[in-house]
>>> print(open('my_file_39.cif').read())   # mmCIF, C-alpha atoms
data_model
loop_
_atom_site.label_atom_id
_atom_site.label_comp_id
_atom_site.auth_asym_id
_atom_site.auth_seq_id
_atom_site.Cartn_x
_atom_site.Cartn_y
_atom_site.Cartn_z
CA MET A 1 49.81 12.67 51.91
CA LYS A 2 52.96 13.08 53.95
CA ALA A 3 53.41 16.77 53.05
CA LEU A 4 49.95 17.56 54.43
CA GLU A 5 50.62 15.70 57.68
CA GLU A 6 53.85 17.68 58.09
CA LYS A 7 52.06 20.95 57.38
CA ILE A 8 49.39 20.14 59.98
CA LEU A 9 52.13 19.43 62.53
CA THR A 10 54.08 22.63 61.79
CA GLU A 11 51.23 25.09 61.15
CA GLY A 12 48.15 23.62 62.83
CA THR A 13 46.94 24.51 66.31
CA VAL A 14 44.68 22.31 68.42
CA LEU A 15 41.98 24.25 70.33
CA PRO A 16 39.61 22.93 73.01
CA GLY A 17 36.64 20.98 71.65
CA HIS A 18 38.72 19.03 69.11
CA ILE A 19 39.06 22.05 66.85
CA LEU A 20 42.08 21.97 64.56
CA LYS A 21 42.99 25.44 63.37
CA VAL A 22 44.62 25.37 59.92
CA GLY A 23 43.74 28.90 58.88
CA SER A 24 47.29 29.63 57.77
CA PHE A 25 47.04 27.40 54.70
CA LEU A 26 43.61 25.80 54.28
CA ASN A 27 40.55 27.81 55.28
CA HIS A 28 41.31 31.49 55.84
CA GLN A 29 44.68 32.07 54.27
CA ILE A 30 45.16 29.59 51.43
CA ASP A 31 48.59 28.29 50.42
CA VAL A 32 47.60 28.00 46.78
CA ASP A 33 50.78 26.26 45.59
CA PHE A 34 50.12 23.62 48.23
CA ILE A 35 46.42 23.41 47.36
CA MET A 36 47.40 22.70 43.76
CA GLU A 37 49.63 19.85 44.98
CA MET A 38 46.70 18.45 46.95
CA GLY A 39 44.64 18.71 43.78
CA LYS A 40 47.24 16.65 41.92
CA GLU A 41 47.18 13.97 44.61
CA ILE A 42 43.36 13.79 44.49
CA THR A 43 43.57 13.49 40.70
CA ARG A 44 46.02 10.59 41.08
CA LEU A 45 43.77 8.81 43.60
CA PHE A 46 40.78 8.96 41.25
CA GLU A 47 42.63 8.59 37.93
CA ASN A 48 40.78 5.34 37.12
CA GLU A 49 37.38 6.99 37.50
CA LYS A 50 35.95 9.01 34.65
CA ILE A 51 34.96 12.02 36.78
CA THR A 52 32.70 14.48 34.94
CA LYS A 53 32.19 17.02 37.72
CA ILE A 54 33.37 17.97 41.21
CA LEU A 55 30.82 18.90 43.87
CA THR A 56 31.81 20.86 46.97
CA ILE A 57 30.11 23.11 49.50
CA GLU A 58 30.85 26.72 50.28
CA THR A 59 33.17 28.05 51.56
CA SER A 60 36.38 26.31 52.42
CA GLY A 61 35.91 23.28 50.17
CA ILE A 62 36.11 25.54 47.12
CA PRO A 63 39.90 26.12 46.90
CA ILE A 64 40.70 22.39 47.07
CA ALA A 65 37.95 21.62 44.57
CA VAL A 66 39.41 24.21 42.20
CA GLY A 67 42.90 22.75 42.70
CA ALA A 68 41.68 19.26 41.78
CA ALA A 69 39.51 20.49 38.90
CA ALA A 70 42.45 22.39 37.38
CA ASN A 71 44.19 19.02 37.07
CA MET A 72 41.16 16.99 36.04
CA HIS A 73 39.82 19.64 33.64
CA VAL A 74 36.25 19.25 34.86
CA PRO A 75 33.83 21.88 36.24
CA VAL A 76 33.24 22.46 39.95
CA VAL A 77 29.76 22.97 41.34
CA PHE A 78 29.56 24.38 44.83
CA ALA A 79 26.46 23.83 46.92
CA LYS A 80 25.16 27.01 48.53
CA LYS A 81 24.23 27.19 52.18
CA ASN A 82 21.21 29.41 51.68
CA LYS A 83 18.92 30.06 48.80
CA THR A 84 19.82 33.56 47.63
CA GLY A 85 17.91 35.85 45.33
CA ASN A 86 20.40 35.08 42.57
CA LEU A 87 19.43 31.38 42.47
CA SER A 88 16.44 31.34 40.18
CA GLY A 89 14.67 28.22 38.97
CA ASP A 90 14.55 24.79 40.46
CA VAL A 91 17.10 23.54 42.95
CA TYR A 92 17.95 20.29 44.69
CA SER A 93 18.02 20.89 48.43
CA THR A 94 18.79 19.08 51.64
CA VAL A 95 19.14 19.96 55.33
CA VAL A 96 22.50 19.55 57.08
CA HIS A 97 23.12 19.70 60.79
CA SER A 98 26.24 21.62 61.85
CA TYR A 99 27.75 20.41 65.11
CA THR A 100 30.22 23.34 65.02
CA HIS A 101 27.46 25.94 65.05
CA GLY A 102 24.71 23.85 66.64
CA THR A 103 22.24 24.66 63.87
CA ASP A 104 20.59 23.16 60.81
CA TYR A 105 21.12 24.80 57.45
CA THR A 106 19.72 24.20 54.00
CA VAL A 107 22.04 23.37 51.12
CA VAL A 108 20.96 23.95 47.52
CA VAL A 109 22.29 23.14 44.06
CA SER A 110 20.64 24.42 40.91
CA LYS A 111 19.16 21.47 38.98
CA GLU A 112 20.74 22.59 35.72
CA PHE A 113 24.26 21.75 36.93
CA LEU A 114 23.82 18.07 37.91
CA THR A 115 22.40 15.33 35.71
CA GLU A 116 22.06 11.57 35.73
CA ASN A 117 24.97 11.42 33.28
CA ASP A 118 27.39 12.87 35.82
CA ASN A 119 29.98 10.81 37.69
CA VAL A 120 30.72 13.13 40.57
CA LEU A 121 33.65 13.46 42.96
CA ILE A 122 32.70 15.20 46.21
CA ILE A 123 35.48 17.32 47.75
CA ASP A 124 35.63 19.07 51.12
CA ASP A 125 38.28 20.42 53.46
CA PHE A 126 37.20 18.62 56.66
CA LEU A 127 35.37 15.40 57.47
CA ALA A 128 34.24 14.82 61.07
CA ASN A 129 30.76 13.37 61.59
CA GLY A 130 30.07 13.41 57.85
CA LYS A 131 26.79 15.34 57.87
CA ALA A 132 27.84 17.69 55.05
CA LEU A 133 28.93 14.76 52.86
CA ILE A 134 25.69 12.90 53.53
CA GLY A 135 23.82 16.03 52.44
CA LEU A 136 25.82 16.27 49.22
CA ILE A 137 25.31 12.55 48.52
CA ASP A 138 21.58 13.10 49.04
CA ILE A 139 21.63 15.90 46.47
CA LEU A 140 23.45 13.66 43.97
CA GLY A 141 20.80 11.01 44.60
CA GLN A 142 18.06 13.52 43.79
CA ALA A 143 19.89 14.32 40.53
CA GLY A 144 20.32 10.64 39.67
CA ALA A 145 24.07 11.26 39.39
CA THR A 146 26.71 8.67 40.30
CA VAL A 147 28.82 9.19 43.42
CA ALA A 148 32.38 8.36 42.36
CA GLY A 149 33.62 9.01 45.87
CA CYS A 150 34.71 11.67 48.33
CA ALA A 151 38.13 13.34 48.57
CA ILE A 152 38.86 15.15 51.82
CA ALA A 153 41.84 17.15 52.99
CA ILE A 154 41.67 16.39 56.72
CA GLU A 155 39.54 13.68 58.31
CA LYS A 156 39.00 13.55 62.04
CA GLY A 157 39.19 9.78 62.27
CA PHE A 158 38.24 9.77 65.95
CA GLN A 159 34.80 10.94 64.91
CA LYS A 160 33.09 8.32 62.83
CA GLY A 161 31.75 10.10 59.76
CA GLY A 162 34.38 8.77 57.37
CA ASP A 163 34.33 5.19 58.63
CA ASN A 164 30.52 5.10 58.56
CA LEU A 165 30.49 6.26 54.94
CA ARG A 166 33.10 3.62 54.03
CA ALA A 167 30.95 0.98 55.75
CA ASP A 168 28.08 2.15 53.53
CA GLY A 169 30.20 1.43 50.46
CA ILE A 170 31.18 5.03 49.66
CA ARG A 171 34.80 5.47 48.61
CA VAL A 172 36.31 8.10 50.94
CA GLU A 173 39.93 9.20 50.39
CA SER A 174 41.34 11.57 52.99
CA LEU A 175 44.78 13.09 52.44
CA ALA A 176 45.36 13.04 56.20
CA ILE A 177 43.41 11.14 58.86
CA ILE A 178 43.84 12.26 62.46
CA ASP A 179 43.18 9.39 64.89
CA SER A 180 43.79 11.45 68.01
CA MET A 181 44.80 14.94 68.94
CA ASP A 182 45.33 17.06 72.01
CA ASP A 183 47.42 20.12 72.88
CA ASN A 184 50.64 18.16 72.80
CA SER A 185 50.37 15.70 69.97
CA ILE A 186 48.54 14.71 66.82
CA THR A 187 48.48 11.06 65.73
CA PHE A 188 47.80 10.22 62.09
CA ARG A 189 46.31 6.98 60.83
CA ALA A 190 48.73 4.98 58.69
CA GLN A 191 47.51 4.87 55.07
CA MET B 192 39.26 39.96 28.00
CA LYS B 193 37.46 39.07 24.80
CA ALA B 194 36.87 35.44 25.79
CA LEU B 195 35.04 36.55 28.94
CA GLU B 196 32.82 38.97 26.99
CA GLU B 197 31.93 36.14 24.60
CA LYS B 198 31.18 33.79 27.49
CA ILE B 199 28.90 36.39 29.11
CA LEU B 200 27.05 36.76 25.80
CA THR B 201 26.63 33.03 25.22
CA GLU B 202 26.05 31.79 28.79
CA GLY B 203 24.85 34.82 30.78
CA THR B 204 21.21 35.68 31.44
CA VAL B 205 19.94 39.14 32.33
CA LEU B 206 17.25 39.16 35.03
CA PRO B 207 15.11 42.10 36.18
CA GLY B 208 16.90 44.49 38.56
CA HIS B 209 20.15 44.52 36.57
CA ILE B 210 21.08 41.04 37.74
CA LEU B 211 23.43 39.17 35.44
CA LYS B 212 23.26 35.42 36.00
CA VAL B 213 26.56 33.71 35.22
CA GLY B 214 26.08 30.66 37.42
CA SER B 215 27.09 28.30 34.64
CA PHE B 216 30.76 29.30 34.81
CA LEU B 217 31.50 31.86 37.52
CA ASN B 218 29.57 31.64 40.78
CA HIS B 219 27.68 28.37 41.17
CA GLN B 220 29.16 26.04 38.61
CA ILE B 221 32.76 27.05 37.95
CA ASP B 222 34.46 26.51 34.59
CA VAL B 223 37.84 25.94 36.20
CA ASP B 224 39.86 25.82 32.97
CA PHE B 225 38.39 29.21 32.11
CA ILE B 226 38.99 30.54 35.63
CA MET B 227 42.65 29.58 35.28
CA GLU B 228 42.81 31.58 32.02
CA MET B 229 41.30 34.56 33.82
CA GLY B 230 43.96 34.11 36.50
CA LYS B 231 46.69 34.24 33.83
CA GLU B 232 45.24 37.45 32.41
CA ILE B 233 45.12 39.05 35.88
CA THR B 234 48.74 37.97 36.41
CA ARG B 235 49.71 39.65 33.12
CA LEU B 236 47.91 42.89 34.05
CA PHE B 237 49.77 43.13 37.36
CA GLU B 238 53.10 41.64 36.27
CA ASN B 239 54.97 44.88 37.06
CA GLU B 240 53.71 44.89 40.65
CA LYS B 241 55.43 42.79 43.25
CA ILE B 242 52.24 41.28 44.70
CA THR B 243 52.80 39.44 47.99
CA LYS B 244 49.23 38.37 48.69
CA ILE B 245 45.75 38.25 47.17
CA LEU B 246 42.74 39.32 49.24
CA THR B 247 39.21 38.28 48.29
CA ILE B 248 35.88 37.85 50.04
CA GLU B 249 33.81 34.71 50.40
CA THR B 250 32.31 33.08 48.44
CA SER B 251 32.45 33.62 44.72
CA GLY B 252 35.65 35.65 44.64
CA ILE B 253 37.59 32.63 45.86
CA PRO B 254 37.87 30.59 42.63
CA ILE B 255 39.21 33.55 40.61
CA ALA B 256 41.60 34.45 43.43
CA VAL B 257 42.89 30.87 43.46
CA GLY B 258 43.26 30.94 39.67
CA ALA B 259 45.37 34.10 39.84
CA ALA B 260 47.38 32.93 42.85
CA ALA B 261 48.25 29.65 41.11
CA ASN B 262 49.98 31.77 38.47
CA MET B 263 51.49 34.36 40.79
CA HIS B 264 52.55 31.81 43.43
CA VAL B 265 51.31 33.93 46.33
CA PRO B 266 48.82 33.05 49.11
CA VAL B 267 45.16 34.01 49.04
CA VAL B 268 43.41 35.40 52.10
CA PHE B 269 39.64 35.41 52.01
CA ALA B 270 37.69 37.78 54.21
CA LYS B 271 34.88 36.07 56.11
CA LYS B 272 31.40 37.49 56.23
CA ASN B 273 30.75 36.58 59.84
CA LYS B 274 32.96 35.97 62.79
CA THR B 275 32.75 32.23 63.38
CA GLY B 276 33.86 30.23 66.37
CA ASN B 277 36.86 29.02 64.45
CA LEU B 278 38.32 32.52 64.09
CA SER B 279 40.19 32.97 67.32
CA GLY B 280 42.36 35.94 68.19
CA ASP B 281 42.33 39.45 66.86
CA VAL B 282 40.73 40.36 63.56
CA TYR B 283 40.47 43.39 61.33
CA SER B 284 36.80 44.09 60.66
CA THR B 285 34.62 46.41 58.66
CA VAL B 286 30.92 46.73 57.83
CA VAL B 287 29.74 46.36 54.23
CA HIS B 288 26.30 47.23 52.91
CA SER B 289 24.83 44.72 50.46
CA TYR B 290 22.41 46.26 47.97
CA THR B 291 21.55 42.76 46.68
CA HIS B 292 20.30 41.59 50.07
CA GLY B 293 19.44 45.00 51.56
CA THR B 294 21.48 44.34 54.70
CA ASP B 295 24.74 45.24 56.39
CA TYR B 296 27.24 42.52 57.16
CA THR B 297 30.54 42.41 59.00
CA VAL B 298 33.68 41.27 57.21
CA VAL B 299 36.67 40.00 59.17
CA VAL B 300 40.27 39.04 58.44
CA SER B 301 42.55 37.55 61.05
CA LYS B 302 45.35 40.02 61.84
CA GLU B 303 48.02 37.38 61.48
CA PHE B 304 47.51 37.12 57.71
CA LEU B 305 48.00 40.78 56.67
CA THR B 306 50.97 42.96 57.57
CA GLU B 307 52.39 46.35 56.64
CA ASN B 308 54.92 44.53 54.44
CA ASP B 309 52.21 43.17 52.13
CA ASN B 310 51.50 44.56 48.67
CA VAL B 311 48.00 43.22 48.13
CA LEU B 312 45.92 42.59 45.04
CA ILE B 313 42.18 42.54 45.77
CA ILE B 314 40.15 40.15 43.58
CA ASP B 315 36.41 39.71 43.30
CA ASP B 316 33.93 38.32 40.80
CA PHE B 317 31.61 41.32 40.50
CA LEU B 318 31.96 45.08 40.95
CA ALA B 319 28.80 47.18 41.01
CA ASN B 320 28.63 49.96 43.61
CA GLY B 321 31.98 48.97 45.07
CA LYS B 322 30.97 48.59 48.72
CA ALA B 323 32.73 45.23 49.15
CA LEU B 324 35.97 46.57 47.64
CA ILE B 325 35.82 49.67 49.86
CA GLY B 326 35.46 47.35 52.85
CA LEU B 327 38.48 45.29 51.80
CA ILE B 328 40.53 48.45 51.18
CA ASP B 329 39.54 49.60 54.69
CA ILE B 330 40.82 46.32 56.12
CA LEU B 331 44.13 46.71 54.24
CA GLY B 332 44.38 50.25 55.67
CA GLN B 333 43.93 48.86 59.19
CA ALA B 334 46.75 46.39 58.48
CA GLY B 335 49.00 49.11 57.06
CA ALA B 336 49.30 47.02 53.88
CA THR B 337 49.68 48.52 50.40
CA VAL B 338 46.77 48.28 47.95
CA ALA B 339 48.35 47.28 44.64
CA GLY B 340 44.95 47.40 42.95
CA CYS B 341 41.76 45.50 42.30
CA ALA B 342 41.15 42.81 39.67
CA ILE B 343 37.53 42.06 38.89
CA ALA B 344 35.91 39.57 36.55
CA ILE B 345 32.76 41.52 35.64
CA GLU B 346 32.20 45.21 36.36
CA LYS B 347 28.77 46.75 36.00
CA GLY B 348 30.05 50.02 34.54
CA PHE B 349 26.59 51.59 34.61
CA GLN B 350 26.84 51.59 38.39
CA LYS B 351 29.63 53.84 39.53
CA GLY B 352 31.66 51.80 42.01
CA GLY B 353 34.57 51.14 39.67
CA ASP B 354 34.80 54.65 38.27
CA ASN B 355 34.59 56.18 41.75
CA LEU B 356 37.47 53.99 42.95
CA ARG B 357 39.53 54.94 39.88
CA ALA B 358 38.81 58.63 40.59
CA ASP B 359 40.16 58.00 44.10
CA GLY B 360 43.42 56.76 42.59
CA ILE B 361 42.85 53.03 43.06
CA ARG B 362 43.90 50.88 40.11
CA VAL B 363 40.88 48.81 39.08
CA GLU B 364 41.23 46.28 36.25
CA SER B 365 38.03 44.55 35.16
CA LEU B 366 38.21 41.74 32.63
CA ALA B 367 34.81 42.80 31.25
CA ILE B 368 32.97 46.07 31.86
CA ILE B 369 29.26 46.15 31.04
CA ASP B 370 28.11 49.66 30.17
CA SER B 371 24.49 48.70 29.62
CA MET B 372 22.34 45.59 29.64
CA ASP B 373 18.74 44.57 29.20
CA ASP B 374 16.90 41.44 28.09
CA ASN B 375 17.99 41.84 24.51
CA SER B 376 21.53 43.13 24.55
CA ILE B 377 24.68 43.65 26.61
CA THR B 378 27.08 46.45 25.68
CA PHE B 379 30.71 46.23 26.82
CA ARG B 380 32.99 49.18 27.40
CA ALA B 381 35.92 49.26 24.95
CA GLN B 382 39.18 48.63 26.82
#
>>> encode(input="my_file_39.cif", output="structure tokens")
Amino acid sequence: MKALEEKILTEGTVLPGHILKVGSFLNHQIDVDFIMEMGKEITRLFENEKITKILTIETSGIPIAVGAAANMHVPVVFAKKNKTGNLSGDVYSTVVHSYTHGTDYTVVVSKEFLTENDNVLIIDDFLANGKALIGLIDILGQAGATVAGCAIAIEKGFQKGGDNLRADGIRVESLAIIDSMDDNSITFRAQ
Amino acid sequence: MKALEEKILTEGTVLPGHILKVGSFLNHQIDVDFIMEMGKEITRLFENEKITKILTIETSGIPIAVGAAANMHVPVVFAKKNKTGNLSGDVYSTVVHSYTHGTDYTVVVSKEFLTENDNVLIIDDFLANGKALIGLIDILGQAGATVAGCAIAIEKGFQKGGDNLRADGIRVESLAIIDSMDDNSITFRAQ
């Protein structure tokens, strides 16, 4: 998505440790008009799939998931990073390793919101090593739901999460794939 | 908002400790078409205010904030509950007490996303004792921004957070106000 690549170039900042800061429009401040455009593009990419539900993970996947769902007219389910007191009843759960924070965390989804009849599109803001997506795919497996694919805003193509998932037969569509980045330049993969 | 009251009655569950479970449409699974309708209603309520930005707090305020912002065509800023490694630079911060979890937590907003020129609408999913809203109002005060008001999906009117804020001169618009609830019945305040 050319408009996203341009926005990354104009508004993004590269920090040490291969961190791309896009807090001005994606994951702290949210440019909602732009998020809705991203949602339309995701809808177009998956228009031949009969998606019944979108699955994302808190927090910053939620706005993009809502933007896509507003176009697709399907519900969003967001996986929660901890089991809170408000989550009663049975849940599907999986453990995800966060390289950013150097810790493992448990992700849960209430069983009532995913069934074997669902054809689910997974949406997230970033894809690097793919651990969060693998966790969400695991949860869909527990539910017996179908994985229609994954739609990502920004993939760090120089880490291998996305390519590994594609090699495993998972459809992964990223609106922008960064093949390399440093202080001075960001190179996008041709799509 | 009559449609929200009806949805609470048909899909909500009252748990001990005055917990209202609305995970089927508001804060675990999200009925995005309905959230967009709520966003339109919030836009209508504040149509005479020149809102420049919406402020919410992660996690479950985000979908409603996005729904309203998609109608108002303004950005959303979501306050983060912990300072993460990805939040570089200066932040506004405040401490909020959570009655649900019995703990204090720190809320931060990067200074670059709120200025004294902003007229800000605060949006959240629930309002009970009002501690989260007071924290967000404190952050807006630190930024020198104007508080246009607060838009809430569900207010627990039997707790006094909303009425206390109104008594302090803050405009608080809740799409549904619950004056009492138990296992058998939910009573809404006439609006």
>>> resolve_selection(input="my_file_39.cif", expression="the PyMOL selection byres ((chain B) within 8 of (chain A))", output="MDAnalysis selection string")
chainID B and resid 210 212 215 219:224 227 249:250 253:254 257 260:261 264:271 276:277 291:292 304
>>> closest_residue(input="my_file_39.cif", among="B:Ser289, B:Thr337, B:Thr234, B:Asn273", to="Leu366 of chain B", atoms="only C-alpha atoms")
B:Thr234
>>> resolve_selection(input="my_file_39.cif", expression="the PyMOL selection byres ((chain B and resi 371) around 10)", output="list in words")
His209, Lys347, Gly348, Phe349, Gln350, Ile368, Ile369, Asp370, Met372, Asp373, Ser376, Ile377, Thr378, Phe379 and Arg380 of chain B
>>> write_last_selection(input="my_file_39.cif", atoms="C-alpha atoms", output="PDB file, keeping the file's coordinate frame")
ATOM      1  CA  HIS B 209      20.150  44.520  36.570  1.00  0.00           C
ATOM      2  CA  LYS B 347      28.770  46.750  36.000  1.00  0.00           C
ATOM      3  CA  GLY B 348      30.050  50.020  34.540  1.00  0.00           C
ATOM      4  CA  PHE B 349      26.590  51.590  34.610  1.00  0.00           C
ATOM      5  CA  GLN B 350      26.840  51.590  38.390  1.00  0.00           C
ATOM      6  CA  ILE B 368      32.970  46.070  31.860  1.00  0.00           C
ATOM      7  CA  ILE B 369      29.260  46.150  31.040  1.00  0.00           C
ATOM      8  CA  ASP B 370      28.110  49.660  30.170  1.00  0.00           C
ATOM      9  CA  MET B 372      22.340  45.590  29.640  1.00  0.00           C
ATOM     10  CA  ASP B 373      18.740  44.570  29.200  1.00  0.00           C
ATOM     11  CA  SER B 376      21.530  43.130  24.550  1.00  0.00           C
ATOM     12  CA  ILE B 377      24.680  43.650  26.610  1.00  0.00           C
ATOM     13  CA  THR B 378      27.080  46.450  25.680  1.00  0.00           C
ATOM     14  CA  PHE B 379      30.710  46.230  26.820  1.00  0.00           C
ATOM     15  CA  ARG B 380      32.990  49.180  27.400  1.00  0.00           C
TER      16      ARG B 380
END
>>> resolve_selection(input="my_file_39.cif", expression="the PyMOL selection byres ((chain A and resi 168-171) around 10)", output="number ranges by chain")
A: 121, 137, 147-151, 162-167, 172-174
>>> atom_distance(input="my_file_39.cif", atom1="atom CA of Asn310 of chain B", atom2="atom CA of Glu346 of chain B")
22.9 Å
